[in-house]
Structures are given as structure tokens and as C-alpha cells.
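Undergrad: Okay, so here is final34.pdb, and as you'll see once you scroll down, it has PDB, C-alpha atoms, pLDDT in the B column.
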```pdb
MODEL        1
ATOM      1  CA  MET A 404       0.000   0.000   0.000  1.00 42.00           C
ATOM      2  CA  ASN A 405       2.980   2.340  -0.346  1.00 45.00           C
ATOM      3  CA  ARG A 406       1.204   4.021  -3.246  1.00 44.00           C
ATOM      4  CA  TYR A 407      -0.614   6.147  -0.653  1.00 46.00           C
ATOM      5  CA  ARG A 408       2.524   7.633   0.868  1.00 57.00           C
ATOM      6  CA  LYS A 409       3.843  10.930  -0.375  1.00 68.00           C
ATOM      7  CA  SER A 410       5.285  14.064   1.142  1.00 74.00           C
ATOM      8  CA  HIS A 411       2.868  16.685   2.446  1.00 78.00           C
ATOM      9  CA  THR A 412       3.440  20.317   3.415  1.00 82.00           C
ATOM     10  CA  HIS A 413       1.735  21.392   6.643  1.00 85.00           C
ATOM     11  CA  PHE A 414       1.420  25.073   7.635  1.00 85.00           C
ATOM     12  CA  VAL A 415       1.701  25.486  11.395  1.00 85.00           C
ATOM     13  CA  ARG A 416      -1.296  27.090  13.079  1.00 81.00           C
ATOM     14  CA  THR A 417      -1.565  28.812  16.438  1.00 79.00           C
ATOM     15  CA  GLY A 418      -1.402  26.337  19.328  1.00 78.00           C
ATOM     16  CA  GLU A 419      -0.193  23.347  17.322  1.00 82.00           C
ATOM     17  CA  ASN A 420       2.639  21.145  18.518  1.00 85.00           C
ATOM     18  CA  LEU A 421       4.468  18.096  17.209  1.00 88.00           C
ATOM     19  CA  TYR A 422       2.469  15.687  19.343  1.00 80.00           C
ATOM     20  CA  GLN A 423      -0.813  16.900  17.835  1.00 83.00           C
ATOM     21  CA  LEU A 424       0.589  16.727  14.313  1.00 88.00           C
ATOM     22  CA  SER A 425       1.960  13.233  14.841  1.00 86.00           C
ATOM     23  CA  ASN A 426      -1.492  12.042  15.929  1.00 83.00           C
ATOM     24  CA  HIS A 427      -3.196  13.800  13.022  1.00 82.00           C
ATOM     25  CA  TYR A 428      -0.932  12.296  10.372  1.00 85.00           C
ATOM     26  CA  GLY A 429      -0.469   8.929  12.071  1.00 85.00           C
ATOM     27  CA  VAL A 430       3.307   9.206  12.377  1.00 89.00           C
ATOM     28  CA  THR A 431       5.855   9.598  15.165  1.00 89.00           C
ATOM     29  CA  VAL A 432       7.209  12.877  16.459  1.00 88.00           C
ATOM     30  CA  GLN A 433      10.687  11.596  15.598  1.00 89.00           C
ATOM     31  CA  SER A 434       9.766  11.134  11.932  1.00 90.00           C
ATOM     32  CA  ILE A 435       8.521  14.725  11.668  1.00 91.00           C
ATOM     33  CA  MET A 436      11.708  15.994  13.306  1.00 91.00           C
ATOM     34  CA  ALA A 437      13.816  13.888  10.928  1.00 91.00           C
ATOM     35  CA  GLN A 438      12.164  15.538   7.925  1.00 91.00           C
ATOM     36  CA  ASN A 439      12.511  19.009   9.456  1.00 92.00           C
ATOM     37  CA  PRO A 440      15.899  19.081  11.228  1.00 90.00           C
ATOM     38  CA  ALA A 441      15.977  22.876  11.525  1.00 89.00           C
ATOM     39  CA  ILE A 442      12.808  23.257  13.605  1.00 89.00           C
ATOM     40  CA  ASN A 443      12.615  23.950  17.320  1.00 88.00           C
ATOM     41  CA  PRO A 444      10.401  21.032  18.483  1.00 85.00           C
ATOM     42  CA  PHE A 445       9.333  22.923  21.597  1.00 83.00           C
ATOM     43  CA  GLU A 446       8.262  26.136  19.843  1.00 85.00           C
ATOM     44  CA  LEU A 447       6.857  25.780  16.338  1.00 87.00           C
ATOM     45  CA  GLN A 448       6.704  29.022  14.385  1.00 86.00           C
ATOM     46  CA  VAL A 449       3.160  29.923  13.310  1.00 82.00           C
ATOM     47  CA  GLY A 450       2.950  30.038   9.516  1.00 80.00           C
ATOM     48  CA  SER A 451       6.092  27.974   8.987  1.00 83.00           C
ATOM     49  CA  SER A 452       5.892  24.926   6.732  1.00 85.00           C
ATOM     50  CA  LEU A 453       6.731  21.399   7.832  1.00 89.00           C
ATOM     51  CA  TYR A 454       7.307  18.400   5.592  1.00 88.00           C
ATOM     52  CA  VAL A 455       5.420  15.308   6.720  1.00 90.00           C
ATOM     53  CA  THR A 456       5.034  11.859   5.176  1.00 89.00           C
ATOM     54  CA  PRO A 457       1.654  10.744   6.538  1.00 86.00           C
ATOM     55  CA  SER A 458       0.843   7.134   7.271  1.00 85.00           C
ATOM     56  CA  GLU A 459      -1.057   4.955   4.830  1.00 80.00           C
ATOM     57  CA  GLU A 460      -4.008   5.034   7.229  1.00 77.00           C
ATOM     58  CA  TYR A 461      -4.112   8.826   7.014  1.00 76.00           C
ATOM     59  CA  TYR A 462      -4.377   8.798   3.224  1.00 69.00           C
ATOM     60  CA  GLN A 463      -6.994   6.068   3.330  1.00 65.00           C
ATOM     61  CA  ARG A 464      -9.049   8.134   5.780  1.00 65.00           C
ATOM     62  CA  VAL A 465      -8.786  11.241   3.601  1.00 62.00           C
ATOM     63  CA  GLN A 466      -9.709   9.249   0.523  1.00 56.00           C
ATOM     64  CA  VAL A 467     -12.850   7.936   2.221  1.00 51.00           C
ATOM     65  CA  GLN A 468     -13.818  11.446   3.326  1.00 53.00           C
ATOM     66  CA  ASN A 469     -13.333  12.793  -0.193  1.00 49.00           C
ATOM     67  CA  MET A 470     -15.451  10.022  -1.670  1.00 43.00           C
ATOM     68  CA  GLN A 471     -18.216  10.850   0.793  1.00 46.00           C
ATOM     69  CA  HIS A 472     -18.237  14.612   0.327  1.00 47.00           C
ATOM     70  CA  LEU A 473     -16.541  15.636  -2.934  1.00 45.00           C
ATOM     71  CA  PRO A 474     -16.938  14.723  -6.586  1.00 46.00           C
ATOM     72  CA  VAL A 475     -13.888  13.181  -8.238  1.00 42.00           C
ATOM     73  CA  SER A 476     -13.491  16.225 -10.492  1.00 49.00           C
ATOM     74  CA  SER A 477     -13.073  18.629  -7.534  1.00 60.00           C
ATOM     75  CA  SER A 478      -9.437  17.728  -6.858  1.00 70.00           C
ATOM     76  CA  LEU A 479      -8.603  18.140 -10.545  1.00 80.00           C
ATOM     77  CA  LEU A 480     -10.182  21.597 -10.639  1.00 85.00           C
ATOM     78  CA  GLN A 481      -8.363  22.610  -7.453  1.00 85.00           C
ATOM     79  CA  ASN A 482      -5.080  21.429  -8.979  1.00 84.00           C
ATOM     80  CA  ALA A 483      -5.825  23.545 -12.054  1.00 90.00           C
ATOM     81  CA  LEU A 484      -6.400  26.584  -9.830  1.00 92.00           C
ATOM     82  CA  SER A 485      -3.146  25.863  -7.980  1.00 89.00           C
ATOM     83  CA  SER A 486      -1.322  25.700 -11.313  1.00 90.00           C
ATOM     84  CA  ASP A 487      -2.747  29.077 -12.378  1.00 94.00           C
ATOM     85  CA  LEU A 488      -1.733  30.705  -9.079  1.00 94.00           C
ATOM     86  CA  ARG A 489       1.712  29.098  -9.139  1.00 91.00           C
ATOM     87  CA  ARG A 490       2.266  30.380 -12.681  1.00 92.00           C
ATOM     88  CA  VAL A 491       1.456  34.030 -11.914  1.00 94.00           C
ATOM     89  CA  TYR A 492       3.342  34.026  -8.611  1.00 93.00           C
ATOM     90  CA  SER A 493       6.384  32.417 -10.293  1.00 91.00           C
ATOM     91  CA  GLN A 494       6.343  35.211 -12.863  1.00 92.00           C
ATOM     92  CA  ASN A 495       6.068  37.774 -10.082  1.00 92.00           C
ATOM     93  CA  ILE A 496       9.075  36.287  -8.291  1.00 90.00           C
ATOM     94  CA  PHE A 497      11.156  36.103 -11.486  1.00 91.00           C
ATOM     95  CA  PHE A 498      10.577  39.697 -12.535  1.00 93.00           C
ATOM     96  CA  THR A 499      10.902  41.031  -8.990  1.00 92.00           C
ATOM     97  CA  ARG A 500      14.373  39.515  -8.766  1.00 90.00           C
ATOM     98  CA  ALA A 501      15.149  41.023 -12.189  1.00 93.00           C
ATOM     99  CA  LEU A 502      13.987  44.430 -10.936  1.00 94.00           C
ATOM    100  CA  TYR A 503      16.167  44.254  -7.825  1.00 92.00           C
ATOM    101  CA  THR A 504      19.133  43.413 -10.052  1.00 92.00           C
ATOM    102  CA  SER A 505      18.330  46.419 -12.247  1.00 95.00           C
ATOM    103  CA  ILE A 506      18.091  48.686  -9.210  1.00 95.00           C
ATOM    104  CA  THR A 507      21.384  47.412  -7.824  1.00 93.00           C
ATOM    105  CA  TYR A 508      23.296  48.138 -11.040  1.00 94.00           C
ATOM    106  CA  LYS A 509      21.167  51.106 -12.171  1.00 95.00           C
ATOM    107  CA  LEU A 510      20.198  49.409 -15.417  1.00 95.00           C
ATOM    108  CA  LYS A 511      17.936  51.057 -17.963  1.00 95.00           C
ATOM    109  CA  ASP A 512      15.218  48.406 -17.879  1.00 96.00           C
ATOM    110  CA  GLN A 513      13.882  49.295 -14.430  1.00 95.00           C
ATOM    111  CA  GLU A 514      10.696  50.965 -15.689  1.00 95.00           C
ATOM    112  CA  LEU A 515       9.866  48.195 -18.166  1.00 96.00           C
ATOM    113  CA  THR A 516      10.539  45.485 -15.595  1.00 96.00           C
ATOM    114  CA  ALA A 517       8.345  47.252 -13.026  1.00 96.00           C
ATOM    115  CA  GLU A 518       5.560  47.474 -15.612  1.00 96.00           C
ATOM    116  CA  ARG A 519       5.818  43.723 -16.162  1.00 95.00           C
ATOM    117  CA  ILE A 520       5.460  43.105 -12.421  1.00 96.00           C
ATOM    118  CA  VAL A 521       2.366  45.321 -12.366  1.00 96.00           C
ATOM    119  CA  ARG A 522       0.907  43.057 -15.050  1.00 96.00           C
ATOM    120  CA  SER A 523       1.571  40.009 -12.862  1.00 95.00           C
ATOM    121  CA  CYS A 524      -0.181  41.784  -9.963  1.00 95.00           C
ATOM    122  CA  ILE A 525      -3.218  42.237 -12.204  1.00 96.00           C
ATOM    123  CA  ASP A 526      -2.999  38.586 -13.299  1.00 96.00           C
ATOM    124  CA  ILE A 527      -3.103  37.512  -9.642  1.00 96.00           C
ATOM    125  CA  SER A 528      -6.135  39.687  -8.943  1.00 96.00           C
ATOM    126  CA  GLU A 529      -7.943  38.359 -12.039  1.00 97.00           C
ATOM    127  CA  ILE A 530      -7.686  34.817 -10.689  1.00 97.00           C
ATOM    128  CA  PHE A 531      -9.283  35.950  -7.430  1.00 97.00           C
ATOM    129  CA  ALA A 532     -11.921  37.801  -9.503  1.00 97.00           C
ATOM    130  CA  ARG A 533     -13.228  34.420 -10.666  1.00 96.00           C
ATOM    131  CA  TYR A 534     -14.568  33.910  -7.141  1.00 97.00           C
ATOM    132  CA  TYR A 535     -14.835  37.356  -5.520  1.00 97.00           C
ATOM    133  CA  SER A 536     -16.256  40.767  -6.358  1.00 95.00           C
ATOM    134  CA  PRO A 537     -14.421  43.201  -8.678  1.00 95.00           C
ATOM    135  CA  GLU A 538     -13.848  45.475  -5.686  1.00 95.00           C
ATOM    136  CA  THR A 539     -12.137  42.678  -3.771  1.00 95.00           C
ATOM    137  CA  ALA A 540      -9.985  41.759  -6.763  1.00 95.00           C
ATOM    138  CA  ASP A 541      -9.010  45.419  -7.271  1.00 96.00           C
ATOM    139  CA  LYS A 542      -7.973  45.711  -3.634  1.00 95.00           C
ATOM    140  CA  ILE A 543      -5.781  42.601  -3.952  1.00 96.00           C
ATOM    141  CA  ALA A 544      -4.160  44.114  -7.063  1.00 96.00           C
ATOM    142  CA  CYS A 545      -3.572  47.442  -5.282  1.00 96.00           C
ATOM    143  CA  ILE A 546      -1.938  45.765  -2.285  1.00 96.00           C
ATOM    144  CA  HIS A 547       0.378  43.759  -4.553  1.00 95.00           C
ATOM    145  CA  LYS A 548       1.294  46.988  -6.383  1.00 95.00           C
ATOM    146  CA  ASP A 549       2.064  48.636  -3.024  1.00 96.00           C
ATOM    147  CA  ASP A 550       4.305  45.655  -2.283  1.00 95.00           C
ATOM    148  CA  LEU A 551       6.142  46.304  -5.564  1.00 95.00           C
ATOM    149  CA  GLN A 552       6.513  50.039  -4.930  1.00 96.00           C
ATOM    150  CA  LEU A 553       7.740  49.701  -1.355  1.00 96.00           C
ATOM    151  CA  GLY A 554      10.119  46.883  -2.283  1.00 95.00           C
ATOM    152  CA  SER A 555      11.621  49.014  -5.040  1.00 96.00           C
ATOM    153  CA  GLN A 556      11.967  52.023  -2.735  1.00 97.00           C
ATOM    154  CA  TYR A 557      13.616  49.880  -0.102  1.00 96.00           C
ATOM    155  CA  MET A 558      16.186  48.487  -2.550  1.00 95.00           C
ATOM    156  CA  ILE A 559      17.003  51.969  -3.871  1.00 96.00           C
ATOM    157  CA  ASN A 560      17.610  53.300  -0.374  1.00 96.00           C
ATOM    158  CA  LEU A 561      19.560  50.188   0.601  1.00 93.00           C
ATOM    159  CA  ARG A 562      21.760  50.655  -2.463  1.00 94.00           C
ATOM    160  CA  ASP A 563      22.288  54.331  -1.638  1.00 96.00           C
ATOM    161  CA  LYS A 564      22.963  53.541   2.046  1.00 93.00           C
ATOM    162  CA  ASN A 565      20.004  55.567   3.336  1.00 96.00           C
ATOM    163  CA  ILE A 566      19.640  53.415   6.429  1.00 91.00           C
ATOM    164  CA  GLU A 567      17.003  55.398   8.328  1.00 94.00           C
ATOM    165  CA  GLU A 568      14.815  55.767   5.254  1.00 95.00           C
ATOM    166  CA  SER A 569      15.157  52.036   4.616  1.00 94.00           C
ATOM    167  CA  LYS A 570      13.911  51.276   8.130  1.00 93.00           C
ATOM    168  CA  ASP A 571      10.841  53.457   7.618  1.00 96.00           C
ATOM    169  CA  ILE A 572      10.046  51.829   4.269  1.00 97.00           C
ATOM    170  CA  LYS A 573      10.443  48.361   5.756  1.00 95.00           C
ATOM    171  CA  ALA A 574       7.912  49.202   8.477  1.00 96.00           C
ATOM    172  CA  ARG A 575       5.414  50.394   5.843  1.00 97.00           C
ATOM    173  CA  TRP A 576       6.156  47.337   3.706  1.00 96.00           C
ATOM    174  CA  LEU A 577       5.380  44.976   6.578  1.00 95.00           C
ATOM    175  CA  ALA A 578       2.199  46.939   7.297  1.00 96.00           C
ATOM    176  CA  VAL A 579       1.064  46.374   3.695  1.00 96.00           C
ATOM    177  CA  MET A 580       1.623  42.630   4.096  1.00 95.00           C
ATOM    178  CA  GLU A 581      -0.366  42.712   7.324  1.00 95.00           C
ATOM    179  CA  GLU A 582      -3.173  44.469   5.435  1.00 95.00           C
ATOM    180  CA  LEU A 583      -3.123  41.746   2.768  1.00 95.00           C
ATOM    181  CA  ALA A 584      -3.287  39.001   5.400  1.00 95.00           C
ATOM    182  CA  GLU A 585      -6.170  40.752   7.143  1.00 96.00           C
ATOM    183  CA  HIS A 586      -8.089  41.286   3.900  1.00 96.00           C
ATOM    184  CA  LEU A 587      -7.689  37.710   2.686  1.00 96.00           C
ATOM    185  CA  SER A 588      -8.672  36.230   6.050  1.00 96.00           C
ATOM    186  CA  TYR A 589     -11.737  38.503   5.991  1.00 96.00           C
ATOM    187  CA  ILE A 590     -12.970  37.369   2.570  1.00 97.00           C
ATOM    188  CA  ASN A 591     -12.247  33.677   3.160  1.00 96.00           C
ATOM    189  CA  PRO A 592     -12.841  31.987   6.538  1.00 95.00           C
ATOM    190  CA  HIS A 593     -10.437  29.193   5.582  1.00 93.00           C
ATOM    191  CA  TYR A 594      -7.482  31.592   5.445  1.00 94.00           C
ATOM    192  CA  LYS A 595      -5.861  31.966   8.856  1.00 91.00           C
ATOM    193  CA  ARG A 596      -4.591  35.474   9.437  1.00 92.00           C
ATOM    194  CA  ASP A 597      -1.657  34.432  11.613  1.00 89.00           C
ATOM    195  CA  ILE A 598      -0.453  31.928   9.009  1.00 88.00           C
ATOM    196  CA  LEU A 599      -0.759  34.419   6.150  1.00 91.00           C
ATOM    197  CA  GLN A 600       0.905  37.192   8.115  1.00 89.00           C
ATOM    198  CA  ALA A 601       3.856  34.969   9.024  1.00 87.00           C
ATOM    199  CA  ILE A 602       4.338  33.795   5.425  1.00 86.00           C
ATOM    200  CA  LEU A 603       4.050  37.287   3.958  1.00 90.00           C
ATOM    201  CA  GLN A 604       6.402  38.709   6.575  1.00 88.00           C
ATOM    202  CA  ASP A 605       8.895  35.994   5.660  1.00 85.00           C
ATOM    203  CA  ALA A 606       8.526  37.049   2.016  1.00 87.00           C
ATOM    204  CA  VAL A 607       9.480  40.631   2.892  1.00 91.00           C
ATOM    205  CA  GLU A 608      12.444  39.520   4.983  1.00 88.00           C
ATOM    206  CA  GLY A 609      13.472  37.203   2.157  1.00 85.00           C
ATOM    207  CA  SER A 610      13.351  40.014  -0.402  1.00 88.00           C
ATOM    208  CA  ILE A 611      15.488  42.186   1.866  1.00 90.00           C
ATOM    209  CA  ALA A 612      18.020  39.379   2.327  1.00 88.00           C
ATOM    210  CA  LEU A 613      18.164  38.819  -1.442  1.00 85.00           C
ATOM    211  CA  GLY A 614      18.747  42.496  -2.125  1.00 87.00           C
ATOM    212  CA  ALA A 615      21.457  42.753   0.505  1.00 89.00           C
ATOM    213  CA  ALA A 616      23.197  39.637  -0.825  1.00 90.00           C
ATOM    214  CA  ARG A 617      23.277  41.030  -4.361  1.00 88.00           C
ATOM    215  CA  LEU A 618      24.607  44.387  -3.170  1.00 89.00           C
ATOM    216  CA  VAL A 619      27.616  42.761  -1.495  1.00 90.00           C
ATOM    217  CA  GLY A 620      28.110  40.260  -4.325  1.00 90.00           C
ATOM    218  CA  ASN A 621      27.161  37.142  -2.369  1.00 90.00           C
ATOM    219  CA  PHE A 622      25.528  35.515  -5.374  1.00 89.00           C
ATOM    220  CA  ALA A 623      25.607  31.959  -4.034  1.00 89.00           C
ATOM    221  CA  TYR A 624      23.551  33.029  -1.017  1.00 85.00           C
ATOM    222  CA  GLU A 625      21.207  35.033  -3.247  1.00 86.00           C
ATOM    223  CA  ILE A 626      20.501  32.060  -5.507  1.00 86.00           C
ATOM    224  CA  ALA A 627      20.005  29.656  -2.609  1.00 82.00           C
ATOM    225  CA  PHE A 628      17.664  32.063  -0.845  1.00 79.00           C
ATOM    226  CA  THR A 629      15.760  32.692  -4.079  1.00 82.00           C
ATOM    227  CA  ASP A 630      15.011  28.972  -4.298  1.00 81.00           C
ATOM    228  CA  LYS A 631      13.810  28.948  -0.695  1.00 79.00           C
ATOM    229  CA  THR A 632      11.651  32.046  -1.153  1.00 81.00           C
ATOM    230  CA  GLU A 633      10.113  30.714  -4.349  1.00 83.00           C
ATOM    231  CA  GLN A 634       9.183  27.427  -2.675  1.00 80.00           C
ATOM    232  CA  ARG A 635       7.551  29.346   0.171  1.00 81.00           C
ATOM    233  CA  ILE A 636       5.487  31.477  -2.225  1.00 86.00           C
ATOM    234  CA  LEU A 637       4.425  28.463  -4.290  1.00 85.00           C
ATOM    235  CA  GLU A 638       3.212  26.790  -1.105  1.00 84.00           C
ATOM    236  CA  LEU A 639       1.243  29.968  -0.439  1.00 89.00           C
ATOM    237  CA  ALA A 640      -0.343  29.687  -3.898  1.00 90.00           C
ATOM    238  CA  ASP A 641      -1.464  26.154  -3.032  1.00 88.00           C
ATOM    239  CA  TYR A 642      -2.823  27.435   0.280  1.00 91.00           C
ATOM    240  CA  PHE A 643      -4.865  30.065  -1.602  1.00 95.00           C
ATOM    241  CA  ALA A 644      -6.257  27.412  -3.961  1.00 93.00           C
ATOM    242  CA  MET A 645      -7.197  25.136  -1.062  1.00 91.00           C
ATOM    243  CA  GLY A 646      -9.070  27.943   0.714  1.00 93.00           C
ATOM    244  CA  ILE A 647     -11.009  28.924  -2.405  1.00 96.00           C
ATOM    245  CA  ALA A 648     -11.982  25.304  -3.092  1.00 93.00           C
ATOM    246  CA  LYS A 649     -13.279  24.954   0.463  1.00 91.00           C
ATOM    247  CA  GLN A 650     -15.196  28.218   0.349  1.00 95.00           C
ATOM    248  CA  PHE A 651     -16.777  27.599  -3.052  1.00 94.00           C
ATOM    249  CA  PRO A 652     -17.166  23.800  -3.349  1.00 90.00           C
ATOM    250  CA  HIS A 653     -20.000  24.212  -5.900  1.00 89.00           C
ATOM    251  CA  LYS A 654     -17.505  25.741  -8.334  1.00 89.00           C
ATOM    252  CA  PHE A 655     -15.272  22.675  -8.172  1.00 86.00           C
ATOM    253  CA  VAL A 656     -17.680  20.056  -9.489  1.00 75.00           C
TER
ENDMDL
END
```
Just give me the structure as C-alpha cells.
TA:
Amino acid sequence: MNRYRKSHTHFVRTGENLYQLSNHYGVTVQSIMAQNPAINPFELQVGSSLYVTPSEEYYQRVQVQNMQHLPVSSSLLQNALSSDLRRVYSQNIFFTRALYTSITYKLKDQELTAERIVRSCIDISEIFARYYSPETADKIACIHKDDLQLGSQYMINLRDKNIEESKDIKARWLAVMEELAEHLSYINPHYKRDILQAILQDAVEGSIALGAARLVGNFAYEIAFTDKTEQRILELADYFAMGIAKQFPHKFV
């Protein structure tokens, strides 16, 4: 029955601990720790992702539940939504990194690259517009554009060594991410604000680390951290798809 076993990404919620997760997935605490050697087993970080290989019994239980409550086509439609979200967020990550490179070296493509990121922000909002009102989709687009603007301003000031200005921009940047987490958790009860806020805050810190690494020429660190940041954002895209599928099950049949 090994066909049931595959890796699963779990986002830590408030109050969860390894003992609870081991019971939920039918595995030992030691196995979770082995797959996540960097975690503090006594203080899990809310919003962080853990890799778990659930037991065969877990997958059998989930399969039974799905057969009882969901049409077979629902998982396929959710996967299609995940693919759409992953695509637009991957493009956003790619062009954001390109923009930070342009800012660092004062290249002439900064305006064109920023325009391309704005397009990806609109693409993200249009996916949400399939399920939510135009006003909600517009707000999501505006918040993503604010993220772009503040990120660009931060990198410019970091490059020019305007430390105090950089600190102020970072505070506003984090506030924008908090606004996004609050808005998304408001429109969808399956989105947990603390999880979203932790992930989005990590994204800001990751962008700052990437920019700093490029400025000092630590390209190996930049590339490694880019991979980590991208994986985190793609997991977020899957989290968005899962929440939408749960909120609008009639649209996934």
C-alpha cells in the first residue's frame, strides 16, 4: 500500500505542537523531526511549513472522506487553480528579482521590468476575480502593487545607504503585508490570518536578504535564498487554492 505515501506540506497554526501533528498524520514525532531538522520542536513558528510523510491510514481516511463529500473532479479543478496561481506568482518572483538586479546596477530596464510586475499583480487579482467581487480583486491588485513600490523604494535606499529611510520603508512594507493578510482572512474563513501574516512577513524579509546579498556580491547566497523564497510562495499559492476550493465547493464540481 505504499502508493498512498507521499510528502505533504503542513502550515503550522496557532497552538499546534508536534504531538498533535503526529497524531493527526499517524506518524511519530521523531519522523517529523527527521524531515525538518531545523525546527525547534518545543516552539513551532506559526505560519512555517513542515514536511510530513503521513501514514497509509491517514491517506486512506482522507480518501474515504473525499469520496463521501466531494466529486472526483473537484481535486482536478483545485489542482488547475493551484497551477494558475503558481504560474502568476512564479512570474512575479522572477521579474521582482530582475527588478532588484536592475536597481542594484542602475540598469535602464527598471521601468519596463516594473511594468511587467504590475501586469503580474493584475494577473493575480484576475484569478481571485473568478470567485470574488471586482472590488475585492481590485484591492488585492492594489496591495500587490504597493508591495512592488515599497520593495523598489527599499532596494534603492539600501543601495544608496540611506539606512534610516530604509527602516521606515520596511515598516510600511510589513504593514502592507499585514493588510493583505487581514483582507484575505476577511474574505475567506479558511485563510488563517496568523499563518498568512507569518508567510508574507517571511517574504518581505526574504526580499530584503536577497537584495542585501546582491549588493555585497554574495551571489551563491542570493541564488540559494531565491530557491527557498520561491518554494515558500508556491506553497502559499497552493494554500490560496485550497481555501477557495473549500469556500466555493460548488464551483469545483
Undergrad: Go through A:Leu583, A:Ala640, A:Cys545, A:Leu613 one by one, measure the shortest atom-to-atom distance of each to Ala627 (chain A) using only C-alpha atoms, and give the residue with the smallest value.
TA: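 For Ala627 (chain A), the nearest of the candidates is A:Leu613.
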Undergrad: Skipping near chain neighbours, those fewer than 6 positions away, what residues fall within 10 Å of Gln556 (chain A) using only C-alpha atoms, listed as JSON, numbers by chain?
TA: {"A": [506, 550, 562, 568, 569, 572, 573, 576]}
Undergrad: In terms of the shortest atom-to-atom distance over all atoms listed in the file, which of A:Ile590, A:Leu480, A:Leu488, A:Ile525 is closest to Ile546 (chain A)?
TA: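 Nearest candidate to Ile546 (chain A) out of A:Ile590, A:Leu480, A:Leu488, A:Ile525: A:Ile525.
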Undergrad: Once the PyMOL selection byres ((chain A and resi 638) around 12) is applied to the coordinates I shared, what remains selected? I want it as an NGL selection string.
TA: :A and (411-414 or 450-454 or 485-486 or 488-489 or 492-493 or 598-599 or 602-603 or 606 or 631-637 or 639-645)
Undergrad: Once the PyMOL selection byres ((chain A and resi 445) around 12) is applied to the coordinates I shared, what remains selected? I want it as a list in words.
TA: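 Taken on the displayed file, the PyMOL selection byres ((chain A and resi 445) around 12) yields the residues Gly418, Glu419, Asn420, Leu421, Tyr422, Val432, Met436, Ile442, Asn443, Pro444, Glu446, Leu447 and Gln448 of chain A.
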Undergrad: Pick from A:Val449, A:Gln513, A:Ser434, A:Ala532: nearest to Arg596 (chain A), with all atoms listed in the file counted?
TA: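 Result for the nearest residue to Arg596 (chain A): A:Val449.
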Undergrad: Could you tell me, as a list in words, exactly which residues end up selected when the PyMOL selection byres ((chain A and resi 544) around 10) is applied to this structure?
TA: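 Evaluating the PyMOL selection byres ((chain A and resi 544) around 10) on this file yields Val521, Arg522, Ser523, Cys524, Ile525, Asp526, Ile527, Ser528, Glu529, Phe531, Glu538, Thr539, Ala540, Asp541, Lys542, Ile543, Cys545, Ile546, His547, Lys548, Asp549 and Asp550 of chain A.
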Undergrad: Find, counting only C-alpha atoms, the residue in A:Ser555, A:Asn439, A:Ser505, A:Thr417 that gets nearest to Arg617 (chain A).
TA: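 When distances to Arg617 (chain A) are compared using only C-alpha atoms, the smallest one comes from A:Ser505.
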Undergrad: Neighbours of Ala501 (chain A) within 10 Å (all atoms listed in the file; same-chain residues fewer than 2 positions away dropped), as a ChimeraX atom specification?
TA: /A:495-499,503-507,512-513,516-517,520
Undergrad: Quick one: distance from CA of Leu561 (chain A) to CA of Leu502 (chain A) in Å, one decimal?
TA: 14.0 Å
Undergrad: In Å to one decimal, how far is CA of Asp571 (chain A) from CA of Ala584 (chain A)?
TA: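 Computing it gives 20.3 Å between the two atoms.
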Undergrad: When you count only C-alpha atoms, which of these residues is closest to His593 (chain A): A:Gly646, A:Asp605, A:Tyr624, A:Leu577?
TA: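 Using only C-alpha atoms, the shortest distance to His593 (chain A) belongs to A:Gly646.
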Undergrad: With only C-alpha atoms as the basis for distance, which of A:Ala623, A:Ile566, A:Leu551, A:Leu587 is at the shortest distance from Ser610 (chain A)?
TA: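 Of A:Ala623, A:Ile566, A:Leu551, A:Leu587, the one nearest Ser610 (chain A), counting only C-alpha atoms, is A:Leu551.
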Undergrad: Contacts of Leu424 (chain A) at 10 Å or less, counting all atoms listed in the file, minus same-chain residues fewer than 6 places along, as JSON, numbers by chain?
TA: {"A": [413, 415, 430, 431, 432, 435, 455, 457]}
